[in-house]
Amino acid sequence: MSLLGGIRPPIAVLSALLLALAGITALTLGRVSDDRVPKAVMTSQQHFAEDGAIALRASVDEGVTDLTRTAALFSAGDPVSADAVLDKIGNVYQKWTGSAVVEIQSGKLLAARGENVPLTAVDRTKLAAENGLAPRMVRLQNGETRLLSFALLAWKGQPQQLLVTSTSLKFPGISLGNFRSIAVIDATGTVLSSDGIPEPEQVLTDLQRAEVKESNRQLKSFAATAADRAGQHPVKSKDPGSGGYLGVSGSLTGDRYLGERQIAGYATLAASEPGEATVATGLGLSVVAMTKVAEDPKVTTSPVFGLLAAAALLVIGGLTVAFLLGTVQRPLLRLFLESRRLTRGDLTRPVTVPRRGEAARIGAALERLRRQLLGESPEAGADQAPAGHRRFGARALLAVAAVLLLVWSGPLLLLLNRAGDTVVVPQQMVNDQRERTDTLSDRVRRALNEGHADLASVASLLGDRTQPSEMTEVLRQTMNEHQRYDSLYVLDAHGAVVAKAGGDVHSPAGKAPSTRPVRVLDDQGKKPVVVGTAGLPGRGGGAVVGEFRLDFLNALLKRPGLGDVRIVDERRRVIGGNTGYLAFQKLPGSRLDELVDGTNQKVGLSARPSGVLFRDGGDIRIAAAAPFVGGGAAKELGWTVVSWQPASGLAIPEYTRQNRTVLAGLLGITAAAACLGWLHIVVVRPLRALARQAEELADGDRKTVLFPRHHDEVGAVARSLELVRQQLQGQRHQQRRPGGAPRSPAGAGRNQ
C-alpha cells in the first residue's frame, strides 16, 4: 500500500488534527487571564513612545542638517560678520535655545545669541579629529542637558570660525493630554529631560506632592528597565514578521497607586530606513512615555467555555471518525479481502455484500462474477442490485461526516462569543487616538514650516548678483540634503523660471510669484501640488519656490495603531493619507465631516483636537481630528488631520475572545475540508469509477482492461477484478473450442 494513499491515512490525519484542535481550543478559549489592563492599551503606549522617538530623531537630525547647510552657504559667499550670521539664522530658524560664533585659533567669542552656550565643554584642539564636529550632549550645573551642534565658517584669508548652537532635548509638538508624562533617557537610564510631571513647588496639597514624588519614582524605574532592554538588537526584540518600528520598543507595567496602574511605553531613536544611521541615532537616546489607567476588575476570563468546546469536539470528532470507519473504511477493506479470495479460486462461499454505496455495488458485482466463474451466464442476476445503492453513495457518507464537523465549527464561526454592540472600549484608547492624531497634525505642520524656512534660508543667500548657474547649484545642494522637495526653482517678478533643480515646474507661467508662503495648486487635478514660496530680497518680486513631495507628507502619516489617516483642507477634501485614496475626495461618512467641523470650532483662543467613539449597531469605530494649531507658514492652509479605525481591530478582551473563537471554527472547517477532500480524491472518486467498471464487467464486458489508479485498497480491488476478467475471458475461449467443455476454475472442485 502507498504510504500516503489509501483510506487509512486521511482518517488517521483527521483524528490527529481533531485531537490537536481540541487541545488548542482548551488552551486558547479556556485560558484564564487576569490582565486588568487590555493589551490594546499597552500597545498604544508603545506606539506613543515610538511617535516621541520619531519626532525627537527628526528634530535633532533636521537641526544638524540645517546648521551644516546654512554654514556652508555662508562660507560659499562673501565674508560676513558673526553677528550677521547669528541674526540671519535667528530670523529663519527658531529651533535653538542659544547660538555662538567662536574663532577657533584664539578661542575668542565673536558673537552670541539666546542662552549662554557651554563653550567650556568644547575642546578646540580636537575639532580636526575624526567626528570632531559631531554633536554631543552636555549636562549643565542645574542638571539640565543641552545638545551642542557644530559647523565651520571658513572664508579665504580669514581665520576659521566655529558656529555652535545649543538646544534642549524637548519633544517638538508631542501632545501629552492630561495624565501623561514623557522623558528622554540615555543609555544608562538617566532621565535627561521630562515633560508632564509638575515640579513639587507647582502643586498645592500634600496629596499632590505625594503623587508627584511617586510619578518621579516610577518614571526612574521605567527608565532603568527601558535602558536595559534598549541594549538588545531590534530584530530580537520583536516577534518574527511583526515589522513596524525599526528600533527597540515595547511596553511596561508598573505599580498601583491610589487605585490606578502606572503603565509606560519605550522606544529607542531609530533611522527611518533599515540599516541607516543618523546623528540622532548615534546619541544612544531612548524615549519613555508614562501614564496611569484605571483597572477593570471584571476582565478575568473563565476556562469553562474552552473546556466545554474541547469536550464537544472530542465527542463529535469521535463520532465522525467512527462513522467513517464503519461506513467507508471497513466495507472497502472487506471488499479487498473478498476480491482476493475470488482470485485465489475460493468460490464456494457467497461474497459478503456491504449495505450501501459504491462498496455495495462492487460487492454485488463480485457476487455475480463469482457465479459466472462457476458457469452462470452474465445475464443472470443482472437486475438483482438494489436501487438504493446508487442513491446513497460514498459522497453522501462524506457529506454526513462534513455536517457532523460543521455542527461544531459552524456555531464557533458564526454564533458563539460574539462581541456585540456593547463592547467596552477603554477611554484611554480614545484619548490616545486623539493625542497621537494631534501629534501627527503638528508634525505635518512643522514639516511644512521647516520646508518654508529652508526656502527662506536659500532666498536670503541669493543676492541680486548671484548668477543663474550659481542658483542652480545651491538648489541642487538643497534638494540633496532635504528629501521633502519634488522640485526647486527661482522665479522672477513675471513668473519666468530663472534656475531650476528637480522635477517639472507647476507654477502658472507668466504670473508673478504668490505672496502666500504655502498653498495648493490645481485643486481640480488628480494630484495635489503643495507649493512653498519665499521672496528674494533685492530681486524686485522674485521668489524661491519649492514643490513638496506628496509622498513625503504621506510618509509622515504612516504610523501603526491609528488606522486610516487623512489630511483634509478647509473644504473637507482629502489632500493626503497613509492608505489609498482619491485626491480631493470627501471623507467617508457624514460623521467624520461633523467631527472635523466640530474640531475646528475655537475653544478659547484656538481650536482643540477631539476624539470620539462611534457606535452604529455592531460597527464601533474610534475617530479623532486635529487641526493645524500654532504659528508658521503652514497655519493659513487650514488643514486638519483625521484618523479612524474599527474597534474590532484592537486587542480588547471581547474581540480577542471572538477572534480566537472564529479561529477555532476556521481551523475545524479547514481540517474537515482538507481530510475529507483528501479522502474524496484518493478513495471516493476511484471507488465510484471502479463500481461502474465492476458492473460493466459483471454485465459481460470482457474487453475493457481494469487499471488501478493508486496502489491502495481500491487499486488492489481493481487488480483483483482484472484477474477475474482474465479468468472469465480464458473460460470463454475454452468454451468456444471444438469439443471443449466448461471447466471449473482451479480449486473450485477441491473446496466442494
# chains A, B, ... in the order shown; residues from 1 in each chain; ligands from 1
call {"tool": "select_by_dssp", "arguments": {"residues": "segment 316-522 of chain A", "states": "strand (DSSP E)", "output": "number ranges by chain"}}
result
A: 485-491, 497-502, 518-521
call {"tool": "residues_around", "arguments": {"residues": "segment 489-502 of chain A", "least_positions_apart": "2", "cutoff": "10 Å", "atoms": "only C-alpha atoms", "output": "PyMOL selection string"}}
result
chain A and resi 459+462+467-480+485-487+504-505+507-514+533-536+539-547
call {"tool": "residues_around", "arguments": {"residues": "Ala718 of chain A", "least_positions_apart": "5", "cutoff": "12 Å", "atoms": "only C-alpha atoms", "output": "PyMOL selection string"}}
result
chain A and resi 332+335-336+339-340+343+362+366+686-694+697+705-713+723-725
call {"tool": "write_last_selection", "arguments": {"atoms": "N, CA and C atoms", "output": "PDB file, in the first residue's frame"}}
result
ATOM      1  N   LEU A 332     -14.736  -1.158   2.537  1.00  0.00           N
ATOM      2  CA  LEU A 332     -13.717  -1.223   1.496  1.00  0.00           C
ATOM      3  C   LEU A 332     -12.692  -2.310   1.807  1.00  0.00           C
ATOM      4  N   LEU A 335     -14.238  -5.587   0.975  1.00  0.00           N
ATOM      5  CA  LEU A 335     -14.207  -5.840  -0.466  1.00  0.00           C
ATOM      6  C   LEU A 335     -12.829  -6.308  -0.913  1.00  0.00           C
ATOM      7  N   PHE A 336     -11.791  -5.670  -0.353  1.00  0.00           N
ATOM      8  CA  PHE A 336     -10.430  -6.065  -0.696  1.00  0.00           C
ATOM      9  C   PHE A 336     -10.188  -7.545  -0.385  1.00  0.00           C
ATOM     10  N   SER A 339     -12.348  -9.796  -2.790  1.00  0.00           N
ATOM     11  CA  SER A 339     -11.828  -9.866  -4.161  1.00  0.00           C
ATOM     12  C   SER A 339     -10.592 -10.755  -4.231  1.00  0.00           C
ATOM     13  N   ARG A 340      -9.731 -10.700  -3.238  1.00  0.00           N
ATOM     14  CA  ARG A 340      -8.558 -11.570  -3.238  1.00  0.00           C
ATOM     15  C   ARG A 340      -8.964 -13.040  -3.095  1.00  0.00           C
ATOM     16  N   THR A 343      -9.875 -14.300  -6.516  1.00  0.00           N
ATOM     17  CA  THR A 343      -8.720 -14.524  -7.398  1.00  0.00           C
ATOM     18  C   THR A 343      -7.941 -15.771  -7.008  1.00  0.00           C
ATOM     19  N   ILE A 362     -20.002  -2.735  -5.856  1.00  0.00           N
ATOM     20  CA  ILE A 362     -18.869  -3.597  -6.204  1.00  0.00           C
ATOM     21  C   ILE A 362     -19.052  -4.983  -5.601  1.00  0.00           C
ATOM     22  N   LEU A 366     -19.129  -8.454  -7.591  1.00  0.00           N
ATOM     23  CA  LEU A 366     -18.249  -9.580  -7.263  1.00  0.00           C
ATOM     24  C   LEU A 366     -19.042 -10.870  -7.092  1.00  0.00           C
ATOM     25  N   PRO A 686     -11.967   7.281  -7.247  1.00  0.00           N
ATOM     26  CA  PRO A 686     -11.591   5.991  -7.851  1.00  0.00           C
ATOM     27  C   PRO A 686     -12.587   4.880  -7.537  1.00  0.00           C
ATOM     28  N   LEU A 687     -13.194   4.937  -6.344  1.00  0.00           N
ATOM     29  CA  LEU A 687     -14.150   3.904  -5.971  1.00  0.00           C
ATOM     30  C   LEU A 687     -15.406   3.978  -6.840  1.00  0.00           C
ATOM     31  N   ARG A 688     -15.859   5.185  -7.140  1.00  0.00           N
ATOM     32  CA  ARG A 688     -17.036   5.328  -7.995  1.00  0.00           C
ATOM     33  C   ARG A 688     -16.749   4.818  -9.404  1.00  0.00           C
ATOM     34  N   ALA A 689     -15.572   5.160  -9.939  1.00  0.00           N
ATOM     35  CA  ALA A 689     -15.213   4.667 -11.270  1.00  0.00           C
ATOM     36  C   ALA A 689     -15.074   3.148 -11.274  1.00  0.00           C
ATOM     37  N   LEU A 690     -14.509   2.590 -10.183  1.00  0.00           N
ATOM     38  CA  LEU A 690     -14.345   1.144 -10.107  1.00  0.00           C
ATOM     39  C   LEU A 690     -15.696   0.445 -10.008  1.00  0.00           C
ATOM     40  N   ALA A 691     -16.667   1.055  -9.315  1.00  0.00           N
ATOM     41  CA  ALA A 691     -18.000   0.453  -9.214  1.00  0.00           C
ATOM     42  C   ALA A 691     -18.647   0.346 -10.597  1.00  0.00           C
ATOM     43  N   ARG A 692     -18.486   1.391 -11.410  1.00  0.00           N
ATOM     44  CA  ARG A 692     -19.042   1.343 -12.763  1.00  0.00           C
ATOM     45  C   ARG A 692     -18.352   0.271 -13.597  1.00  0.00           C
ATOM     46  N   GLN A 693     -17.016   0.179 -13.491  1.00  0.00           N
ATOM     47  CA  GLN A 693     -16.296  -0.828 -14.261  1.00  0.00           C
ATOM     48  C   GLN A 693     -16.642  -2.242 -13.793  1.00  0.00           C
ATOM     49  N   ALA A 694     -16.809  -2.421 -12.477  1.00  0.00           N
ATOM     50  CA  ALA A 694     -17.159  -3.750 -11.963  1.00  0.00           C
ATOM     51  C   ALA A 694     -18.529  -4.178 -12.470  1.00  0.00           C
ATOM     52  N   LEU A 697     -18.210  -5.156 -16.061  1.00  0.00           N
ATOM     53  CA  LEU A 697     -17.578  -6.470 -16.161  1.00  0.00           C
ATOM     54  C   LEU A 697     -18.573  -7.575 -15.828  1.00  0.00           C
ATOM     55  N   VAL A 705      -9.858  -3.380 -20.071  1.00  0.00           N
ATOM     56  CA  VAL A 705      -8.843  -3.733 -19.084  1.00  0.00           C
ATOM     57  C   VAL A 705      -8.963  -2.792 -17.887  1.00  0.00           C
ATOM     58  N   LEU A 706      -8.892  -3.323 -16.694  1.00  0.00           N
ATOM     59  CA  LEU A 706      -9.019  -2.548 -15.462  1.00  0.00           C
ATOM     60  C   LEU A 706      -7.621  -2.225 -14.928  1.00  0.00           C
ATOM     61  N   PHE A 707      -7.323  -0.949 -14.886  1.00  0.00           N
ATOM     62  CA  PHE A 707      -6.033  -0.498 -14.374  1.00  0.00           C
ATOM     63  C   PHE A 707      -6.237   0.167 -13.007  1.00  0.00           C
ATOM     64  N   PRO A 708      -5.423  -0.147 -12.028  1.00  0.00           N
ATOM     65  CA  PRO A 708      -5.531   0.541 -10.720  1.00  0.00           C
ATOM     66  C   PRO A 708      -4.975   1.953 -10.813  1.00  0.00           C
ATOM     67  N   ARG A 709      -5.707   2.923 -10.248  1.00  0.00           N
ATOM     68  CA  ARG A 709      -5.236   4.311 -10.239  1.00  0.00           C
ATOM     69  C   ARG A 709      -4.174   4.546  -9.171  1.00  0.00           C
ATOM     70  N   HIS A 710      -4.316   3.928  -8.023  1.00  0.00           N
ATOM     71  CA  HIS A 710      -3.383   4.107  -6.917  1.00  0.00           C
ATOM     72  C   HIS A 710      -3.050   2.736  -6.346  1.00  0.00           C
ATOM     73  N   HIS A 711      -1.910   2.667  -5.685  1.00  0.00           N
ATOM     74  CA  HIS A 711      -1.513   1.432  -5.020  1.00  0.00           C
ATOM     75  C   HIS A 711      -2.081   1.428  -3.602  1.00  0.00           C
ATOM     76  N   ASP A 712      -3.370   1.251  -3.511  1.00  0.00           N
ATOM     77  CA  ASP A 712      -4.047   1.241  -2.216  1.00  0.00           C
ATOM     78  C   ASP A 712      -5.148   0.197  -2.265  1.00  0.00           C
ATOM     79  N   GLU A 713      -6.114   0.309  -1.326  1.00  0.00           N
ATOM     80  CA  GLU A 713      -7.164  -0.701  -1.243  1.00  0.00           C
ATOM     81  C   GLU A 713      -8.020  -0.729  -2.502  1.00  0.00           C
ATOM     82  N   LEU A 723      -7.855  -9.670 -12.699  1.00  0.00           N
ATOM     83  CA  LEU A 723      -7.553 -11.109 -12.722  1.00  0.00           C
ATOM     84  C   LEU A 723      -8.807 -11.924 -12.983  1.00  0.00           C
ATOM     85  N   VAL A 724      -9.915 -11.499 -12.371  1.00  0.00           N
ATOM     86  CA  VAL A 724     -11.184 -12.193 -12.621  1.00  0.00           C
ATOM     87  C   VAL A 724     -11.580 -12.049 -14.087  1.00  0.00           C
ATOM     88  N   ARG A 725     -11.388 -10.841 -14.650  1.00  0.00           N
ATOM     89  CA  ARG A 725     -11.697 -10.641 -16.066  1.00  0.00           C
ATOM     90  C   ARG A 725     -10.883 -11.577 -16.940  1.00  0.00           C
TER      91      ARG A 725
END
call {"tool": "residues_around", "arguments": {"residues": "segment 252-266 of chain A", "least_positions_apart": "4", "cutoff": "6 Å", "atoms": "only C-alpha atoms", "output": "ChimeraX atom specification"}}
result
/A:45-46,49,287-294
call {"tool": "closest_residue", "arguments": {"among": "A:Leu413, A:Leu448, A:Ala310, A:Leu679", "to": "Ala20 of chain A", "atoms": "only C-alpha atoms"}}
result
A:Ala310
call {"tool": "residues_around", "arguments": {"residues": "Ala226 of chain A", "least_positions_apart": "4", "cutoff": "9 Å", "atoms": "only C-alpha atoms", "output": "PDB file with all heavy atoms, in the first residue's frame"}}
result
ATOM      1  N   ILE A 185      15.851  59.568  27.939  1.00  0.00           N
ATOM      2  CA  ILE A 185      16.841  58.932  28.796  1.00  0.00           C
ATOM      3  C   ILE A 185      18.058  58.559  27.954  1.00  0.00           C
ATOM      4  O   ILE A 185      17.962  58.396  26.735  1.00  0.00           O
ATOM      5  CB  ILE A 185      16.273  57.682  29.498  1.00  0.00           C
ATOM      6  CG1 ILE A 185      15.929  56.597  28.471  1.00  0.00           C
ATOM      7  CG2 ILE A 185      15.056  58.036  30.328  1.00  0.00           C
ATOM      8  CD1 ILE A 185      15.506  55.277  29.089  1.00  0.00           C
ATOM      9  N   GLY A 189      20.066  54.923  31.542  1.00  0.00           N
ATOM     10  CA  GLY A 189      18.770  55.054  32.206  1.00  0.00           C
ATOM     11  C   GLY A 189      18.590  56.365  32.932  1.00  0.00           C
ATOM     12  O   GLY A 189      17.580  56.548  33.624  1.00  0.00           O
ATOM     13  N   SER A 221      12.117  54.215  37.554  1.00  0.00           N
ATOM     14  CA  SER A 221      12.097  52.756  37.457  1.00  0.00           C
ATOM     15  C   SER A 221      11.874  52.312  36.015  1.00  0.00           C
ATOM     16  O   SER A 221      12.551  51.406  35.512  1.00  0.00           O
ATOM     17  CB  SER A 221      11.004  52.188  38.363  1.00  0.00           C
ATOM     18  OG  SER A 221      10.897  50.785  38.215  1.00  0.00           O
ATOM     19  N   PHE A 222      10.911  52.946  35.344  1.00  0.00           N
ATOM     20  CA  PHE A 222      10.680  52.633  33.932  1.00  0.00           C
ATOM     21  C   PHE A 222      11.916  52.943  33.090  1.00  0.00           C
ATOM     22  O   PHE A 222      12.253  52.200  32.161  1.00  0.00           O
ATOM     23  CB  PHE A 222       9.489  53.425  33.407  1.00  0.00           C
ATOM     24  CG  PHE A 222       8.145  52.884  33.817  1.00  0.00           C
ATOM     25  CD1 PHE A 222       7.090  53.735  34.108  1.00  0.00           C
ATOM     26  CD2 PHE A 222       7.932  51.516  33.912  1.00  0.00           C
ATOM     27  CE1 PHE A 222       5.850  53.239  34.476  1.00  0.00           C
ATOM     28  CE2 PHE A 222       6.688  51.007  34.286  1.00  0.00           C
ATOM     29  CZ  PHE A 222       5.654  51.875  34.568  1.00  0.00           C
ATOM     30  N   ALA A 230      16.877  48.376  25.948  1.00  0.00           N
ATOM     31  CA  ALA A 230      17.305  49.056  24.724  1.00  0.00           C
ATOM     32  C   ALA A 230      18.619  48.512  24.197  1.00  0.00           C
ATOM     33  O   ALA A 230      18.958  48.743  23.031  1.00  0.00           O
ATOM     34  CB  ALA A 230      17.440  50.555  24.979  1.00  0.00           C
ATOM     35  N   GLY A 231      19.345  47.766  25.026  1.00  0.00           N
ATOM     36  CA  GLY A 231      20.619  47.231  24.581  1.00  0.00           C
ATOM     37  C   GLY A 231      20.508  46.044  23.656  1.00  0.00           C
ATOM     38  O   GLY A 231      21.502  45.670  23.016  1.00  0.00           O
ATOM     39  N   SER A 249      11.459  48.751  20.925  1.00  0.00           N
ATOM     40  CA  SER A 249      10.306  49.383  21.564  1.00  0.00           C
ATOM     41  C   SER A 249       9.491  48.321  22.281  1.00  0.00           C
ATOM     42  O   SER A 249       9.592  47.131  21.987  1.00  0.00           O
ATOM     43  CB  SER A 249       9.434  50.122  20.544  1.00  0.00           C
ATOM     44  OG  SER A 249       8.912  49.218  19.581  1.00  0.00           O
ATOM     45  N   GLY A 250       8.679  48.772  23.212  1.00  0.00           N
ATOM     46  CA  GLY A 250       7.835  47.847  23.969  1.00  0.00           C
ATOM     47  C   GLY A 250       7.020  48.602  24.991  1.00  0.00           C
ATOM     48  O   GLY A 250       6.966  49.845  25.002  1.00  0.00           O
ATOM     49  N   SER A 251       6.373  47.868  25.872  1.00  0.00           N
ATOM     50  CA  SER A 251       5.532  48.455  26.916  1.00  0.00           C
ATOM     51  C   SER A 251       5.908  47.857  28.256  1.00  0.00           C
ATOM     52  O   SER A 251       6.432  46.738  28.334  1.00  0.00           O
ATOM     53  CB  SER A 251       4.048  48.231  26.623  1.00  0.00           C
ATOM     54  OG  SER A 251       3.772  46.843  26.494  1.00  0.00           O
ATOM     55  N   LEU A 252       5.620  48.596  29.328  1.00  0.00           N
ATOM     56  CA  LEU A 252       5.975  48.198  30.683  1.00  0.00           C
ATOM     57  C   LEU A 252       4.777  48.422  31.600  1.00  0.00           C
ATOM     58  O   LEU A 252       3.973  49.342  31.398  1.00  0.00           O
ATOM     59  CB  LEU A 252       7.167  49.009  31.195  1.00  0.00           C
ATOM     60  CG  LEU A 252       8.469  48.942  30.376  1.00  0.00           C
ATOM     61  CD1 LEU A 252       9.461  49.977  30.879  1.00  0.00           C
ATOM     62  CD2 LEU A 252       9.063  47.550  30.427  1.00  0.00           C
ATOM     63  N   GLY A 265       5.352  53.102  27.765  1.00  0.00           N
ATOM     64  CA  GLY A 265       5.933  52.606  26.521  1.00  0.00           C
ATOM     65  C   GLY A 265       7.320  53.187  26.363  1.00  0.00           C
ATOM     66  O   GLY A 265       7.611  54.275  26.882  1.00  0.00           O
ATOM     67  N   TYR A 266       8.185  52.471  25.700  1.00  0.00           N
ATOM     68  CA  TYR A 266       9.550  52.954  25.488  1.00  0.00           C
ATOM     69  C   TYR A 266       9.965  52.667  24.055  1.00  0.00           C
ATOM     70  O   TYR A 266       9.448  51.750  23.405  1.00  0.00           O
ATOM     71  CB  TYR A 266      10.529  52.284  26.464  1.00  0.00           C
ATOM     72  CG  TYR A 266      10.671  50.794  26.278  1.00  0.00           C
ATOM     73  CD1 TYR A 266      11.647  50.261  25.432  1.00  0.00           C
ATOM     74  CD2 TYR A 266       9.825  49.904  26.927  1.00  0.00           C
ATOM     75  CE1 TYR A 266      11.771  48.899  25.248  1.00  0.00           C
ATOM     76  CE2 TYR A 266       9.938  48.539  26.747  1.00  0.00           C
ATOM     77  CZ  TYR A 266      10.913  48.043  25.908  1.00  0.00           C
ATOM     78  OH  TYR A 266      11.029  46.686  25.725  1.00  0.00           O
ATOM     79  N   ALA A 267      10.901  53.456  23.551  1.00  0.00           N
ATOM     80  CA  ALA A 267      11.399  53.293  22.179  1.00  0.00           C
ATOM     81  C   ALA A 267      12.751  53.976  22.066  1.00  0.00           C
ATOM     82  O   ALA A 267      12.953  55.069  22.603  1.00  0.00           O
ATOM     83  CB  ALA A 267      10.420  53.881  21.161  1.00  0.00           C
ATOM     84  N   THR A 268      13.668  53.319  21.384  1.00  0.00           N
ATOM     85  CA  THR A 268      14.957  53.926  21.086  1.00  0.00           C
ATOM     86  C   THR A 268      14.852  54.751  19.817  1.00  0.00           C
ATOM     87  O   THR A 268      13.973  54.532  18.979  1.00  0.00           O
ATOM     88  CB  THR A 268      16.034  52.845  20.901  1.00  0.00           C
ATOM     89  OG1 THR A 268      15.658  51.987  19.801  1.00  0.00           O
ATOM     90  CG2 THR A 268      16.181  52.006  22.160  1.00  0.00           C
ATOM     91  N   SER A 286      16.802  57.197  24.308  1.00  0.00           N
ATOM     92  CA  SER A 286      15.527  56.470  24.266  1.00  0.00           C
ATOM     93  C   SER A 286      14.439  57.370  24.822  1.00  0.00           C
ATOM     94  O   SER A 286      14.715  58.350  25.524  1.00  0.00           O
ATOM     95  CB  SER A 286      15.591  55.165  25.073  1.00  0.00           C
ATOM     96  OG  SER A 286      16.574  54.300  24.564  1.00  0.00           O
ATOM     97  N   VAL A 287      13.205  57.023  24.511  1.00  0.00           N
ATOM     98  CA  VAL A 287      12.046  57.790  24.953  1.00  0.00           C
ATOM     99  C   VAL A 287      11.158  56.884  25.795  1.00  0.00           C
ATOM    100  O   VAL A 287      10.917  55.726  25.435  1.00  0.00           O
ATOM    101  CB  VAL A 287      11.258  58.342  23.750  1.00  0.00           C
ATOM    102  CG1 VAL A 287       9.958  58.994  24.202  1.00  0.00           C
ATOM    103  CG2 VAL A 287      12.105  59.330  22.977  1.00  0.00           C
ATOM    104  N   VAL A 288      10.687  57.410  26.917  1.00  0.00           N
ATOM    105  CA  VAL A 288       9.759  56.692  27.792  1.00  0.00           C
ATOM    106  C   VAL A 288       8.514  57.552  27.958  1.00  0.00           C
ATOM    107  O   VAL A 288       8.613  58.722  28.349  1.00  0.00           O
ATOM    108  CB  VAL A 288      10.384  56.387  29.163  1.00  0.00           C
ATOM    109  CG1 VAL A 288       9.362  55.709  30.074  1.00  0.00           C
ATOM    110  CG2 VAL A 288      11.612  55.505  29.010  1.00  0.00           C
TER     111      VAL A 288
END
call {"tool": "residues_around", "arguments": {"residues": "segment 429-438 of chain A", "least_positions_apart": "5", "cutoff": "9 Å", "atoms": "only C-alpha atoms", "output": "number ranges by chain"}}
result
A: 40-41, 44-45, 47-48, 51, 173-177, 443, 561-562, 565, 608-613, 622-628, 641-644
call {"tool": "select_by_dssp", "arguments": {"residues": "segment 384-598 of chain A", "states": "alpha helix (DSSP H)", "output": "PyMOL selection string"}}
result
chain A and resi 388-391+394-414+427-461+468-481+550-556+590-598
call {"tool": "closest_residue", "arguments": {"among": "A:Lys156, A:Arg355, A:His733, A:Arg446", "to": "Asp78 of chain A", "atoms": "only C-alpha atoms"}}
result
A:Lys156
call {"tool": "residues_around", "arguments": {"residues": "Ser237 of chain A", "least_positions_apart": "2", "cutoff": "9 Å", "atoms": "only C-alpha atoms", "output": "ChimeraX atom specification"}}
result
/A:229-230,232-235,239,247-250
call {"tool": "write_last_selection", "arguments": {"atoms": "N, CA and C atoms", "output": "CSV table (one decimal), in the first residue's frame"}}
result
chain,number,residue,atom,x,y,z
A,229,ARG,N,16.6,47.2,28.4
A,229,ARG,CA,16.0,46.5,27.2
A,229,ARG,C,16.5,47.1,25.9
A,230,ALA,N,16.9,48.4,25.9
A,230,ALA,CA,17.3,49.1,24.7
A,230,ALA,C,18.6,48.5,24.2
A,232,GLN,N,19.3,45.4,23.5
A,232,GLN,CA,19.2,44.3,22.7
A,232,GLN,C,19.0,44.7,21.2
A,233,HIS,N,19.2,43.7,20.3
A,233,HIS,CA,19.1,44.0,18.9
A,233,HIS,C,17.6,44.2,18.6
A,234,PRO,N,17.3,45.2,17.7
A,234,PRO,CA,15.9,45.4,17.3
A,234,PRO,C,15.2,44.2,16.8
A,235,VAL,N,15.9,43.4,16.0
A,235,VAL,CA,15.3,42.2,15.4
A,235,VAL,C,14.8,41.2,16.5
A,239,ASP,N,8.5,40.1,17.7
A,239,ASP,CA,8.0,38.8,17.2
A,239,ASP,C,8.4,38.7,15.8
A,247,GLY,N,13.4,50.5,15.6
A,247,GLY,CA,14.2,50.4,16.8
A,247,GLY,C,13.6,49.5,17.8
A,248,VAL,N,14.2,49.5,19.0
A,248,VAL,CA,13.7,48.7,20.1
A,248,VAL,C,12.6,49.4,20.8
A,249,SER,N,11.5,48.8,20.9
A,249,SER,CA,10.3,49.4,21.6
A,249,SER,C,9.5,48.3,22.3
A,250,GLY,N,8.7,48.8,23.2
A,250,GLY,CA,7.8,47.8,24.0
A,250,GLY,C,7.0,48.6,25.0
call {"tool": "atom_distance", "arguments": {"atom1": "atom CA of Ala271 of chain A", "atom2": "atom CA of Thr68 of chain A"}}
result
19.3 Å
call {"tool": "closest_residue", "arguments": {"among": "A:Leu307, A:Ala394, A:Ala365, A:Ala402", "to": "Val351 of chain A", "atoms": "only C-alpha atoms"}}
result
A:Ala365
call {"tool": "closest_residue", "arguments": {"among": "A:Leu595, A:Ile652, A:Gln427, A:Leu663", "to": "Gly410 of chain A", "atoms": "only C-alpha atoms"}}
result
A:Leu663
call {"tool": "atom_distance", "arguments": {"atom1": "atom CA of Ala227 of chain A", "atom2": "atom CA of Asp186 of chain A"}}
result
7.3 Å
call {"tool": "closest_residue", "arguments": {"among": "A:Asp61, A:Glu654, A:Glu696, A:Asp593", "to": "Thr281 of chain A", "atoms": "only C-alpha atoms"}}
result
A:Asp61
call {"tool": "closest_residue", "arguments": {"among": "A:Pro38, A:Gly617, A:Pro653, A:Gly6", "to": "Gln428 of chain A", "atoms": "only C-alpha atoms"}}
result
A:Pro38
call {"tool": "atom_distance", "arguments": {"atom1": "atom CA of Thr599 of chain A", "atom2": "atom CA of Glu570 of chain A"}}
result
11.8 Å
